[in-house]
>>> print(open('model_17.cif').read())   # mmCIF, C-alpha atoms
data_run
loop_
_atom_site.label_atom_id
_atom_site.label_comp_id
_atom_site.auth_asym_id
_atom_site.auth_seq_id
_atom_site.Cartn_x
_atom_site.Cartn_y
_atom_site.Cartn_z
CA MET A 274 -0.41 -32.12 -83.47
CA VAL A 275 0.28 -28.44 -83.07
CA SER A 276 1.11 -26.60 -86.27
CA SER A 277 4.01 -24.17 -86.28
CA ALA A 278 3.40 -20.50 -87.02
CA HIS A 279 5.19 -21.05 -90.32
CA ASP A 280 2.87 -23.92 -91.29
CA ILE A 281 -0.20 -21.90 -90.36
CA GLU A 282 0.93 -18.79 -92.23
CA GLU A 283 2.67 -20.24 -95.27
CA GLY A 284 1.12 -23.67 -95.62
CA LEU A 285 -1.83 -24.84 -97.70
CA ALA A 286 -3.52 -26.85 -94.95
CA PHE A 287 -6.75 -25.20 -93.81
CA THR A 288 -6.59 -25.29 -90.02
CA PRO A 289 -9.04 -22.62 -88.83
CA LYS A 290 -8.29 -21.42 -85.31
CA PHE A 291 -11.58 -21.37 -83.42
CA ASP A 292 -11.65 -19.31 -80.22
CA ALA A 293 -12.63 -20.52 -76.72
CA GLU A 294 -16.26 -20.47 -77.82
CA GLY A 295 -15.52 -22.42 -80.97
CA LEU A 296 -15.93 -19.45 -83.30
CA VAL A 297 -14.00 -17.61 -85.98
CA THR A 298 -14.76 -14.08 -87.15
CA ALA A 299 -16.26 -13.83 -90.63
CA VAL A 300 -16.36 -10.59 -92.63
CA ALA A 301 -18.73 -10.44 -95.59
CA THR A 302 -18.06 -7.86 -98.28
CA ASP A 303 -20.17 -7.02 -101.31
CA ALA A 304 -18.25 -8.47 -104.28
CA LYS A 305 -19.37 -5.57 -106.48
CA SER A 306 -18.92 -2.50 -104.28
CA GLY A 307 -16.27 -3.79 -101.90
CA ASP A 308 -18.36 -2.48 -98.99
CA VAL A 309 -18.30 -4.44 -95.76
CA LEU A 310 -21.82 -5.79 -95.37
CA MET A 311 -21.50 -7.44 -91.96
CA VAL A 312 -19.18 -8.97 -89.41
CA ALA A 313 -20.39 -12.23 -87.92
CA HIS A 314 -19.09 -15.52 -86.59
CA MET A 315 -18.92 -19.12 -87.76
CA ASN A 316 -18.55 -22.31 -85.78
CA ASP A 317 -17.15 -25.43 -87.40
CA GLU A 318 -20.56 -26.52 -88.67
CA ALA A 319 -21.41 -23.12 -90.19
CA LEU A 320 -18.04 -23.11 -91.92
CA ARG A 321 -18.52 -26.62 -93.33
CA LYS A 322 -22.00 -25.79 -94.58
CA THR A 323 -20.74 -22.58 -96.19
CA ILE A 324 -17.96 -24.43 -97.99
CA ALA A 325 -20.25 -27.25 -99.10
CA SER A 326 -23.18 -25.10 -100.23
CA GLY A 327 -21.52 -21.90 -101.44
CA GLU A 328 -24.02 -19.94 -99.36
CA ALA A 329 -23.14 -18.16 -96.13
CA TRP A 330 -24.01 -19.86 -92.87
CA TYR A 331 -23.16 -18.23 -89.54
CA TYR A 332 -23.47 -18.95 -85.85
CA SER A 333 -25.55 -16.47 -83.90
CA ARG A 334 -23.97 -15.75 -80.53
CA SER A 335 -27.12 -14.08 -79.22
CA ARG A 336 -29.51 -16.80 -80.36
CA LYS A 337 -26.92 -19.55 -79.80
CA THR A 338 -27.89 -21.22 -83.03
CA LEU A 339 -26.67 -22.07 -86.48
CA TRP A 340 -28.10 -19.65 -88.97
CA ARG A 341 -28.38 -19.81 -92.74
CA LYS A 342 -28.13 -16.18 -93.84
CA GLY A 343 -31.36 -15.23 -95.57
CA GLU A 344 -33.33 -18.14 -94.16
CA THR A 345 -36.08 -15.80 -92.94
CA SER A 346 -35.54 -12.74 -95.14
CA GLY A 347 -34.62 -14.48 -98.37
CA HIS A 348 -31.53 -12.28 -98.42
CA VAL A 349 -29.14 -15.13 -99.09
CA GLN A 350 -25.41 -14.51 -99.59
CA ARG A 351 -23.81 -16.43 -102.43
CA VAL A 352 -20.12 -16.83 -101.64
CA LEU A 353 -17.99 -16.00 -104.67
CA GLU A 354 -14.74 -16.34 -102.77
CA LEU A 355 -13.74 -17.41 -99.27
CA ARG A 356 -10.39 -16.38 -97.89
CA VAL A 357 -8.56 -17.04 -94.64
CA ASP A 358 -6.07 -14.72 -92.99
CA CYS A 359 -2.44 -15.28 -92.04
CA ASP A 360 -3.06 -16.81 -88.61
CA GLN A 361 -6.27 -18.54 -89.77
CA ASP A 362 -8.56 -17.00 -87.14
CA ALA A 363 -10.57 -14.79 -89.50
CA LEU A 364 -12.44 -15.37 -92.75
CA TRP A 365 -13.33 -13.02 -95.57
CA LEU A 366 -16.34 -13.84 -97.73
CA LYS A 367 -16.80 -11.98 -101.00
CA VAL A 368 -20.51 -12.37 -101.53
CA GLU A 369 -23.23 -11.66 -103.98
CA GLN A 370 -25.93 -10.33 -101.68
CA GLN A 371 -29.35 -11.53 -102.79
CA GLY A 372 -32.34 -9.33 -102.01
CA ALA A 373 -32.27 -5.81 -100.69
CA GLY A 374 -29.78 -5.98 -97.89
CA ALA A 375 -27.71 -7.79 -95.30
CA CYS A 376 -28.70 -5.92 -92.15
CA HIS A 377 -31.65 -6.85 -89.98
CA THR A 378 -32.40 -3.12 -89.56
CA GLY A 379 -33.29 -2.91 -93.25
CA ARG A 380 -30.05 -1.43 -94.58
CA ARG A 381 -27.89 -2.94 -97.27
CA SER A 382 -24.89 -2.98 -94.90
CA CYS A 383 -24.73 -3.12 -91.10
CA PHE A 384 -22.20 -0.25 -91.24
CA TYR A 385 -24.55 2.68 -91.83
CA ARG A 386 -23.04 5.10 -89.31
CA ALA A 387 -19.68 6.85 -89.27
CA VAL A 388 -17.61 7.89 -86.27
CA PRO A 389 -16.14 11.34 -87.02
CA ILE A 390 -12.34 11.31 -86.98
CA GLY A 391 -10.21 13.87 -85.16
CA LYS A 392 -12.93 15.16 -82.90
CA GLY A 393 -12.21 13.13 -79.80
CA ALA A 394 -14.37 10.48 -78.22
CA GLY A 395 -17.94 11.14 -77.29
CA THR A 396 -18.67 12.65 -80.66
CA ARG A 397 -21.99 11.84 -82.21
CA LEU A 398 -22.30 9.35 -85.04
CA GLU A 399 -23.32 10.41 -88.54
CA PHE A 400 -25.60 8.38 -90.76
CA ARG A 401 -24.03 7.23 -94.04
CA ASN A 402 -25.88 5.20 -96.69
CA ALA A 403 -28.46 4.65 -93.99
CA GLU A 404 -31.55 4.66 -96.18
CA LYS A 405 -33.65 1.56 -95.66
CA ALA A 406 -33.32 -0.95 -98.47
CA PHE A 407 -36.25 -3.00 -97.17
CA ASP A 408 -38.86 -2.90 -94.41
CA PRO A 409 -37.67 -5.23 -91.65
CA GLY A 410 -41.17 -5.30 -90.16
CA LYS A 411 -42.47 -6.93 -93.32
CA VAL A 412 -39.50 -9.18 -93.99
CA TYR A 413 -39.16 -10.69 -90.52
CA LYS A 414 -42.56 -12.26 -89.81
CA MET B 76 -27.74 3.14 -67.88
CA VAL B 77 -28.39 0.36 -70.33
CA SER B 78 -29.22 1.46 -73.86
CA SER B 79 -32.13 -0.19 -75.63
CA ALA B 80 -31.54 -2.14 -78.83
CA HIS B 81 -33.34 0.66 -80.66
CA ASP B 82 -31.02 3.33 -79.21
CA ILE B 83 -27.94 1.27 -80.10
CA GLU B 84 -29.11 0.56 -83.64
CA GLU B 85 -30.86 3.77 -84.62
CA GLY B 86 -29.29 6.38 -82.34
CA LEU B 87 -26.35 8.68 -82.90
CA ALA B 88 -24.64 8.02 -79.56
CA PHE B 89 -21.41 6.08 -80.03
CA THR B 90 -21.55 3.34 -77.40
CA PRO B 91 -19.10 0.67 -78.57
CA LYS B 92 -19.83 -2.73 -77.09
CA PHE B 93 -16.54 -4.17 -75.86
CA ASP B 94 -16.46 -7.92 -75.20
CA ALA B 95 -15.47 -9.66 -71.95
CA GLU B 96 -11.83 -8.89 -72.75
CA GLY B 97 -12.58 -5.24 -73.45
CA LEU B 98 -12.20 -5.54 -77.21
CA VAL B 99 -14.15 -4.81 -80.37
CA THR B 100 -13.41 -6.34 -83.77
CA ALA B 101 -11.92 -3.94 -86.31
CA VAL B 102 -11.83 -4.66 -90.05
CA ALA B 103 -9.49 -2.58 -92.18
CA THR B 104 -10.18 -2.34 -95.90
CA ASP B 105 -8.09 -0.67 -98.58
CA ALA B 106 -10.01 2.48 -99.50
CA LYS B 107 -8.92 2.15 -103.13
CA SER B 108 -9.36 -1.55 -103.92
CA GLY B 109 -12.00 -2.44 -101.32
CA ASP B 110 -9.91 -5.46 -100.34
CA VAL B 111 -9.93 -6.52 -96.70
CA LEU B 112 -6.40 -5.88 -95.47
CA MET B 113 -6.70 -7.28 -91.95
CA VAL B 114 -9.01 -8.12 -89.08
CA ALA B 115 -7.77 -7.01 -85.68
CA HIS B 116 -9.07 -5.76 -82.34
CA MET B 117 -9.24 -2.47 -80.48
CA ASN B 118 -9.58 -1.78 -76.81
CA ASP B 119 -10.98 1.53 -75.58
CA GLU B 120 -7.58 3.22 -75.67
CA ALA B 121 -6.75 2.03 -79.20
CA LEU B 122 -10.12 3.29 -80.37
CA ARG B 123 -9.64 6.70 -78.73
CA LYS B 124 -6.17 7.07 -80.22
CA THR B 125 -7.45 6.07 -83.65
CA ILE B 126 -10.24 8.65 -83.50
CA ALA B 127 -7.95 11.38 -82.18
CA SER B 128 -5.03 10.77 -84.55
CA GLY B 129 -6.71 9.51 -87.72
CA GLU B 130 -4.20 6.64 -87.76
CA ALA B 131 -5.07 3.05 -86.88
CA TRP B 132 -4.16 1.79 -83.43
CA TYR B 133 -5.00 -1.75 -82.38
CA TYR B 134 -4.67 -3.97 -79.35
CA SER B 135 -2.58 -7.08 -79.85
CA ARG B 136 -4.15 -10.05 -78.09
CA SER B 137 -1.00 -12.15 -78.46
CA ARG B 138 1.39 -9.46 -77.24
CA LYS B 139 -1.19 -8.00 -74.82
CA THR B 140 -0.23 -4.49 -75.77
CA LEU B 141 -1.48 -1.40 -77.49
CA TRP B 142 -0.06 -1.19 -80.96
CA ARG B 143 0.21 1.68 -83.40
CA LYS B 144 -0.07 0.05 -86.81
CA GLY B 145 3.14 0.69 -88.70
CA GLU B 146 5.14 1.63 -85.61
CA THR B 147 7.89 -0.85 -86.53
CA SER B 148 7.34 -1.30 -90.26
CA GLY B 149 6.38 2.24 -91.17
CA HIS B 150 3.29 0.78 -92.81
CA VAL B 151 0.91 3.20 -91.14
CA GLN B 152 -2.82 3.15 -91.91
CA ARG B 153 -4.43 6.54 -92.43
CA VAL B 154 -8.12 6.21 -91.57
CA LEU B 155 -10.26 7.86 -94.21
CA GLU B 156 -13.50 6.69 -92.66
CA LEU B 157 -14.48 4.84 -89.52
CA ARG B 158 -17.82 3.11 -89.32
CA VAL B 159 -19.63 1.17 -86.63
CA ASP B 160 -22.13 -1.62 -87.19
CA CYS B 161 -25.74 -1.95 -86.10
CA ASP B 162 -25.09 -3.43 -82.67
CA GLN B 163 -21.89 -1.41 -82.20
CA ASP B 164 -19.60 -4.37 -81.57
CA ALA B 165 -17.60 -4.13 -84.80
CA LEU B 166 -15.74 -1.34 -86.58
CA TRP B 167 -14.88 -0.85 -90.23
CA LEU B 168 -11.88 1.30 -91.11
CA LYS B 169 -11.45 2.43 -94.69
CA VAL B 170 -7.75 3.10 -94.79
CA GLU B 171 -5.03 4.43 -96.99
CA GLN B 172 -2.32 1.85 -96.43
CA GLN B 173 1.10 3.49 -96.30
CA GLY B 174 4.08 1.43 -97.41
CA ALA B 175 4.00 -1.89 -99.12
CA GLY B 176 1.53 -3.86 -97.09
CA ALA B 177 -0.51 -4.55 -93.98
CA CYS B 178 0.48 -8.14 -93.22
CA HIS B 179 3.46 -9.10 -91.07
CA THR B 180 4.19 -11.93 -93.55
CA GLY B 181 5.05 -9.35 -96.22
CA ARG B 182 1.81 -9.39 -98.18
CA ARG B 183 -0.37 -6.38 -98.88
CA SER B 184 -3.36 -8.12 -97.23
CA CYS B 185 -3.48 -10.82 -94.56
CA PHE B 186 -6.01 -12.67 -96.74
CA TYR B 187 -3.67 -14.21 -99.31
CA ARG B 188 -5.17 -17.72 -99.39
CA ALA B 189 -8.54 -18.93 -100.63
CA VAL B 190 -10.59 -21.85 -99.35
CA PRO B 191 -12.08 -23.62 -102.38
CA ILE B 192 -15.87 -23.65 -102.32
CA GLY B 193 -18.02 -26.71 -102.97
CA LYS B 194 -15.29 -29.24 -102.39
CA GLY B 195 -15.96 -30.17 -98.80
CA ALA B 196 -13.80 -29.55 -95.78
CA GLY B 197 -10.21 -30.68 -95.69
CA THR B 198 -9.50 -29.19 -99.07
CA ARG B 199 -6.19 -27.48 -99.55
CA LEU B 200 -5.90 -23.72 -99.61
CA GLU B 201 -4.91 -21.87 -102.77
CA PHE B 202 -2.63 -18.85 -102.80
CA ARG B 203 -4.22 -15.65 -104.16
CA ASN B 204 -2.39 -12.33 -104.47
CA ALA B 205 0.20 -13.94 -102.24
CA GLU B 206 3.27 -12.33 -103.77
CA LYS B 207 5.39 -10.61 -101.15
CA ALA B 208 5.04 -6.84 -101.18
CA PHE B 209 7.98 -6.41 -98.81
CA ASP B 210 10.60 -8.48 -97.04
CA PRO B 211 9.45 -8.95 -93.46
CA GLY B 212 12.95 -10.00 -92.41
CA LYS B 213 14.25 -6.57 -93.35
CA VAL B 214 11.27 -4.54 -92.13
CA TYR B 215 10.95 -6.09 -88.67
CA LYS B 216 14.29 -5.57 -86.91
#
>>> encode(input="model_17.cif", output="structure tokens")
Amino acid sequence: MVSSAHDIEEGLAFTPKFDAEGLVTAVATDAKSGDVLMVAHMNDEALRKTIASGEAWYYSRSRKTLWRKGETSGHVQRVLELRVDCDQDALWLKVEQQGAGACHTGRRSCFYRAVPIGKGAGTRLEFRNAEKAFDPGKVYK
Amino acid sequence: MVSSAHDIEEGLAFTPKFDAEGLVTAVATDAKSGDVLMVAHMNDEALRKTIASGEAWYYSRSRKTLWRKGETSGHVQRVLELRVDCDQDALWLKVEQQGAGACHTGRRSCFYRAVPIGKGAGTRLEFRNAEKAFDPGKVYK
């Protein structure tokens, strides 16, 4: 049964709209600071495990595998709130980030570089809050 | 020339990684509250226009068209900061949302429903901050 746009947008049935690869976009923000920590993807299984456990699970497109966030690093994300957007193809996780950071490069957030505005394309990035929160060489094997 | 993972993650060259459809994911958060307002996509042109103008432009996958946010509603997004993530396939816009809201349903944010945690899949959504900030029937045409 196909849901109408009105049902999807105004209803209380959770009918996540997975894309052709079976994924939805998931944005994790730090519940305290409001900073975006990372943008990742979930397949149906990752979503079910997240809902059941209250900890963030994702699907890695590069490794083509289900992935419990923090499984290797210990930097687990406890999900304080999970929200879905109007057309149900994106999720927002407000998380309590355990450990030093969310990014595999060692930063707290994956968004540690700014694109200067008003200067045209081709401009160089600028580091912002780019200090390493942990040593990825030590944390990952 | 293909950039190495190290160049992409640690360098200052802005080399956004567009997907097979020529898009990157763009997350807009309210600069004041930290709330996620919407998740959308940008193609190269939308990104260039955003950088040049300091106002958010997106690419609508459903309408297959470039789209200046607020063009119809007046609910323009002024971009206070634009960030790119580690692998340069996602953007984070901290915006000053003009007008009542970002969502075409009339809410301030597109994320006005929560998925209860710990109750298993199939659970019903719960409205959160779902009061209408504007009347979409009046704003759109």
>>> resolve_selection(input="model_17.cif", expression="the PyMOL selection byres ((chain A) within 7 of (chain B))", output="PDB file with C-alpha atoms, keeping the file's coordinate frame")
ATOM      1  CA  LEU A 285      -1.830 -24.840 -97.700  1.00  0.00           C
ATOM      2  CA  ALA A 286      -3.520 -26.850 -94.950  1.00  0.00           C
ATOM      3  CA  PHE A 287      -6.750 -25.200 -93.810  1.00  0.00           C
ATOM      4  CA  GLY A 307     -16.270  -3.790-101.900  1.00  0.00           C
ATOM      5  CA  ASP A 308     -18.360  -2.480 -98.990  1.00  0.00           C
ATOM      6  CA  VAL A 312     -19.180  -8.970 -89.410  1.00  0.00           C
ATOM      7  CA  ARG A 321     -18.520 -26.620 -93.330  1.00  0.00           C
ATOM      8  CA  ILE A 324     -17.960 -24.430 -97.990  1.00  0.00           C
ATOM      9  CA  ALA A 325     -20.250 -27.250 -99.100  1.00  0.00           C
ATOM     10  CA  SER A 326     -23.180 -25.100-100.230  1.00  0.00           C
ATOM     11  CA  GLY A 327     -21.520 -21.900-101.440  1.00  0.00           C
ATOM     12  CA  LEU A 355     -13.740 -17.410 -99.270  1.00  0.00           C
ATOM     13  CA  ARG A 356     -10.390 -16.380 -97.890  1.00  0.00           C
ATOM     14  CA  VAL A 357      -8.560 -17.040 -94.640  1.00  0.00           C
ATOM     15  CA  ASP A 358      -6.070 -14.720 -92.990  1.00  0.00           C
ATOM     16  CA  CYS A 359      -2.440 -15.280 -92.040  1.00  0.00           C
ATOM     17  CA  ALA A 363     -10.570 -14.790 -89.500  1.00  0.00           C
ATOM     18  CA  CYS A 383     -24.730  -3.120 -91.100  1.00  0.00           C
ATOM     19  CA  PHE A 384     -22.200  -0.250 -91.240  1.00  0.00           C
ATOM     20  CA  TYR A 385     -24.550   2.680 -91.830  1.00  0.00           C
ATOM     21  CA  ARG A 386     -23.040   5.100 -89.310  1.00  0.00           C
ATOM     22  CA  ALA A 387     -19.680   6.850 -89.270  1.00  0.00           C
ATOM     23  CA  VAL A 388     -17.610   7.890 -86.270  1.00  0.00           C
ATOM     24  CA  ILE A 390     -12.340  11.310 -86.980  1.00  0.00           C
ATOM     25  CA  GLY A 391     -10.210  13.870 -85.160  1.00  0.00           C
ATOM     26  CA  LYS A 392     -12.930  15.160 -82.900  1.00  0.00           C
ATOM     27  CA  GLY A 393     -12.210  13.130 -79.800  1.00  0.00           C
ATOM     28  CA  ALA A 394     -14.370  10.480 -78.220  1.00  0.00           C
ATOM     29  CA  GLY A 395     -17.940  11.140 -77.290  1.00  0.00           C
ATOM     30  CA  ARG A 397     -21.990  11.840 -82.210  1.00  0.00           C
ATOM     31  CA  LEU A 398     -22.300   9.350 -85.040  1.00  0.00           C
ATOM     32  CA  GLU A 399     -23.320  10.410 -88.540  1.00  0.00           C
TER      33      GLU A 399
END
>>> closest_residue(input="model_17.cif", among="A:Lys405, A:Lys290, A:His348, A:Arg341", to="A:Ala278", atoms="all atoms listed in the file")
A:Lys290
>>> calpha_fit_and_write(input="model_17.cif", fixed="chain A", moving="chain B", output="short mmCIF file (atom, residue, chain, number, x, y, z; two decimals) with C-alpha atoms, keeping the file's coordinate frame")
data_model
loop_
_atom_site.label_atom_id
_atom_site.label_comp_id
_atom_site.auth_asym_id
_atom_site.auth_seq_id
_atom_site.Cartn_x
_atom_site.Cartn_y
_atom_site.Cartn_z
CA MET B 76 -0.36 -32.15 -83.46
CA VAL B 77 0.29 -28.46 -83.08
CA SER B 78 1.09 -26.60 -86.28
CA SER B 79 4.00 -24.18 -86.28
CA ALA B 80 3.39 -20.50 -87.00
CA HIS B 81 5.18 -21.05 -90.31
CA ASP B 82 2.86 -23.93 -91.29
CA ILE B 83 -0.22 -21.88 -90.35
CA GLU B 84 0.93 -18.80 -92.23
CA GLU B 85 2.67 -20.24 -95.27
CA GLY B 86 1.10 -23.69 -95.64
CA LEU B 87 -1.85 -24.84 -97.70
CA ALA B 88 -3.53 -26.86 -94.94
CA PHE B 89 -6.76 -25.21 -93.81
CA THR B 90 -6.60 -25.29 -90.02
CA PRO B 91 -9.05 -22.63 -88.83
CA LYS B 92 -8.30 -21.41 -85.33
CA PHE B 93 -11.58 -21.35 -83.42
CA ASP B 94 -11.65 -19.30 -80.21
CA ALA B 95 -12.62 -20.52 -76.72
CA GLU B 96 -16.27 -20.46 -77.81
CA GLY B 97 -15.53 -22.41 -80.98
CA LEU B 98 -15.93 -19.44 -83.30
CA VAL B 99 -14.00 -17.60 -85.98
CA THR B 100 -14.75 -14.07 -87.15
CA ALA B 101 -16.26 -13.83 -90.63
CA VAL B 102 -16.37 -10.59 -92.63
CA ALA B 103 -18.73 -10.43 -95.59
CA THR B 104 -18.06 -7.85 -98.29
CA ASP B 105 -20.17 -7.02 -101.32
CA ALA B 106 -18.26 -8.47 -104.27
CA LYS B 107 -19.37 -5.57 -106.48
CA SER B 108 -18.93 -2.49 -104.29
CA GLY B 109 -16.27 -3.79 -101.89
CA ASP B 110 -18.35 -2.47 -99.00
CA VAL B 111 -18.30 -4.44 -95.75
CA LEU B 112 -21.83 -5.78 -95.37
CA MET B 113 -21.51 -7.43 -91.96
CA VAL B 114 -19.18 -8.96 -89.41
CA ALA B 115 -20.40 -12.22 -87.92
CA HIS B 116 -19.09 -15.52 -86.59
CA MET B 117 -18.91 -19.12 -87.75
CA ASN B 118 -18.56 -22.29 -85.78
CA ASP B 119 -17.16 -25.43 -87.39
CA GLU B 120 -20.56 -26.52 -88.68
CA ALA B 121 -21.41 -23.11 -90.19
CA LEU B 122 -18.05 -23.10 -91.92
CA ARG B 123 -18.53 -26.61 -93.32
CA LYS B 124 -22.01 -25.77 -94.58
CA THR B 125 -20.74 -22.57 -96.18
CA ILE B 126 -17.96 -24.42 -97.99
CA ALA B 127 -20.25 -27.24 -99.09
CA SER B 128 -23.18 -25.09 -100.23
CA GLY B 129 -21.51 -21.90 -101.46
CA GLU B 130 -24.02 -19.94 -99.36
CA ALA B 131 -23.13 -18.15 -96.13
CA TRP B 132 -24.02 -19.84 -92.86
CA TYR B 133 -23.17 -18.22 -89.55
CA TYR B 134 -23.47 -18.95 -85.86
CA SER B 135 -25.56 -16.48 -83.90
CA ARG B 136 -23.97 -15.76 -80.53
CA SER B 137 -27.12 -14.08 -79.21
CA ARG B 138 -29.51 -16.80 -80.36
CA LYS B 139 -26.92 -19.56 -79.81
CA THR B 140 -27.89 -21.24 -83.03
CA LEU B 141 -26.66 -22.06 -86.47
CA TRP B 142 -28.10 -19.65 -88.97
CA ARG B 143 -28.39 -19.80 -92.73
CA LYS B 144 -28.13 -16.19 -93.84
CA GLY B 145 -31.35 -15.24 -95.57
CA GLU B 146 -33.33 -18.15 -94.16
CA THR B 147 -36.08 -15.80 -92.95
CA SER B 148 -35.55 -12.75 -95.14
CA GLY B 149 -34.60 -14.47 -98.37
CA HIS B 150 -31.52 -12.27 -98.42
CA VAL B 151 -29.14 -15.13 -99.09
CA GLN B 152 -25.41 -14.52 -99.59
CA ARG B 153 -23.81 -16.43 -102.45
CA VAL B 154 -20.12 -16.83 -101.64
CA LEU B 155 -18.00 -16.00 -104.66
CA GLU B 156 -14.74 -16.34 -102.76
CA LEU B 157 -13.74 -17.40 -99.28
CA ARG B 158 -10.40 -16.37 -97.89
CA VAL B 159 -8.57 -17.03 -94.65
CA ASP B 160 -6.06 -14.72 -92.99
CA CYS B 161 -2.45 -15.29 -92.03
CA ASP B 162 -3.07 -16.82 -88.62
CA GLN B 163 -6.28 -18.54 -89.77
CA ASP B 164 -8.56 -17.01 -87.15
CA ALA B 165 -10.57 -14.80 -89.50
CA LEU B 166 -12.45 -15.38 -92.75
CA TRP B 167 -13.33 -13.02 -95.58
CA LEU B 168 -16.34 -13.84 -97.74
CA LYS B 169 -16.80 -11.97 -100.99
CA VAL B 170 -20.50 -12.36 -101.53
CA GLU B 171 -23.23 -11.64 -103.98
CA GLN B 172 -25.93 -10.32 -101.69
CA GLN B 173 -29.36 -11.53 -102.79
CA GLY B 174 -32.34 -9.33 -102.01
CA ALA B 175 -32.26 -5.82 -100.72
CA GLY B 176 -29.77 -5.98 -97.91
CA ALA B 177 -27.71 -7.79 -95.31
CA CYS B 178 -28.69 -5.93 -92.15
CA HIS B 179 -31.66 -6.87 -89.97
CA THR B 180 -32.39 -3.13 -89.56
CA GLY B 181 -33.27 -2.91 -93.26
CA ARG B 182 -30.05 -1.43 -94.58
CA ARG B 183 -27.88 -2.95 -97.28
CA SER B 184 -24.87 -2.98 -94.90
CA CYS B 185 -24.73 -3.12 -91.10
CA PHE B 186 -22.21 -0.25 -91.23
CA TYR B 187 -24.56 2.67 -91.82
CA ARG B 188 -23.05 5.11 -89.30
CA ALA B 189 -19.69 6.85 -89.27
CA VAL B 190 -17.62 7.89 -86.26
CA PRO B 191 -16.14 11.32 -87.02
CA ILE B 192 -12.35 11.31 -86.98
CA GLY B 193 -10.20 13.86 -85.18
CA LYS B 194 -12.92 15.14 -82.91
CA GLY B 195 -12.23 13.13 -79.80
CA ALA B 196 -14.37 10.48 -78.20
CA GLY B 197 -17.96 11.17 -77.28
CA THR B 198 -18.69 12.65 -80.66
CA ARG B 199 -22.01 11.84 -82.23
CA LEU B 200 -22.31 9.34 -85.04
CA GLU B 201 -23.32 10.41 -88.53
CA PHE B 202 -25.61 8.38 -90.76
CA ARG B 203 -24.03 7.22 -94.05
CA ASN B 204 -25.87 5.20 -96.69
CA ALA B 205 -28.45 4.64 -93.98
CA GLU B 206 -31.53 4.67 -96.19
CA LYS B 207 -33.64 1.57 -95.67
CA ALA B 208 -33.30 -0.96 -98.47
CA PHE B 209 -36.23 -3.00 -97.16
CA ASP B 210 -38.83 -2.91 -94.43
CA PRO B 211 -37.66 -5.22 -91.66
CA GLY B 212 -41.15 -5.29 -90.16
CA LYS B 213 -42.46 -6.93 -93.31
CA VAL B 214 -39.48 -9.19 -94.00
CA TYR B 215 -39.14 -10.69 -90.52
CA LYS B 216 -42.47 -12.34 -89.69
#
>>> residues_near_point(input="model_17.cif", point="(-2.8, -1.8, -82.3)", cutoff="8 Å", atoms="all atoms listed in the file", output="list in words")
Ala115, His116, Met117, Ala121, Ala131, Trp132, Tyr133, Tyr134, Ser135, Thr140, Leu141, Trp142, Arg143 and Lys144 of chain B
>>> write_last_selection(input="model_17.cif", atoms="C-alpha atoms", output="PDB file, in the frame of the given file")
ATOM      1  CA  ALA B 115      -7.770  -7.010 -85.680  1.00  0.00           C
ATOM      2  CA  HIS B 116      -9.070  -5.760 -82.340  1.00  0.00           C
ATOM      3  CA  MET B 117      -9.240  -2.470 -80.480  1.00  0.00           C
ATOM      4  CA  ALA B 121      -6.750   2.030 -79.200  1.00  0.00           C
ATOM      5  CA  ALA B 131      -5.070   3.050 -86.880  1.00  0.00           C
ATOM      6  CA  TRP B 132      -4.160   1.790 -83.430  1.00  0.00           C
ATOM      7  CA  TYR B 133      -5.000  -1.750 -82.380  1.00  0.00           C
ATOM      8  CA  TYR B 134      -4.670  -3.970 -79.350  1.00  0.00           C
ATOM      9  CA  SER B 135      -2.580  -7.080 -79.850  1.00  0.00           C
ATOM     10  CA  THR B 140      -0.230  -4.490 -75.770  1.00  0.00           C
ATOM     11  CA  LEU B 141      -1.480  -1.400 -77.490  1.00  0.00           C
ATOM     12  CA  TRP B 142      -0.060  -1.190 -80.960  1.00  0.00           C
ATOM     13  CA  ARG B 143       0.210   1.680 -83.400  1.00  0.00           C
ATOM     14  CA  LYS B 144      -0.070   0.050 -86.810  1.00  0.00           C
TER      15      LYS B 144
END
>>> atom_distance(input="model_17.cif", atom1="atom CA of B:Asp210", atom2="atom CA of B:Ala175")
9.6 Å
>>> resolve_selection(input="model_17.cif", expression="the PyMOL selection byres ((chain B and resi 173) around 6)", output="mmCIF file with C-alpha atoms, in the coordinates of the input")
data_model
loop_
_atom_site.group_PDB
_atom_site.id
_atom_site.type_symbol
_atom_site.label_atom_id
_atom_site.label_comp_id
_atom_site.auth_asym_id
_atom_site.auth_seq_id
_atom_site.Cartn_x
_atom_site.Cartn_y
_atom_site.Cartn_z
ATOM 1 C CA HIS B 150 3.290 0.780 -92.810
ATOM 2 C CA VAL B 151 0.910 3.200 -91.140
ATOM 3 C CA GLN B 152 -2.820 3.150 -91.910
ATOM 4 C CA GLN B 172 -2.320 1.850 -96.430
ATOM 5 C CA GLY B 174 4.080 1.430 -97.410
#
>>> atom_distance(input="model_17.cif", atom1="atom CA of B:Tyr215", atom2="atom CA of B:Arg138")
15.3 Å
>>> atom_distance(input="model_17.cif", atom1="atom CA of B:Gly97", atom2="atom CA of B:Asn118")
5.7 Å
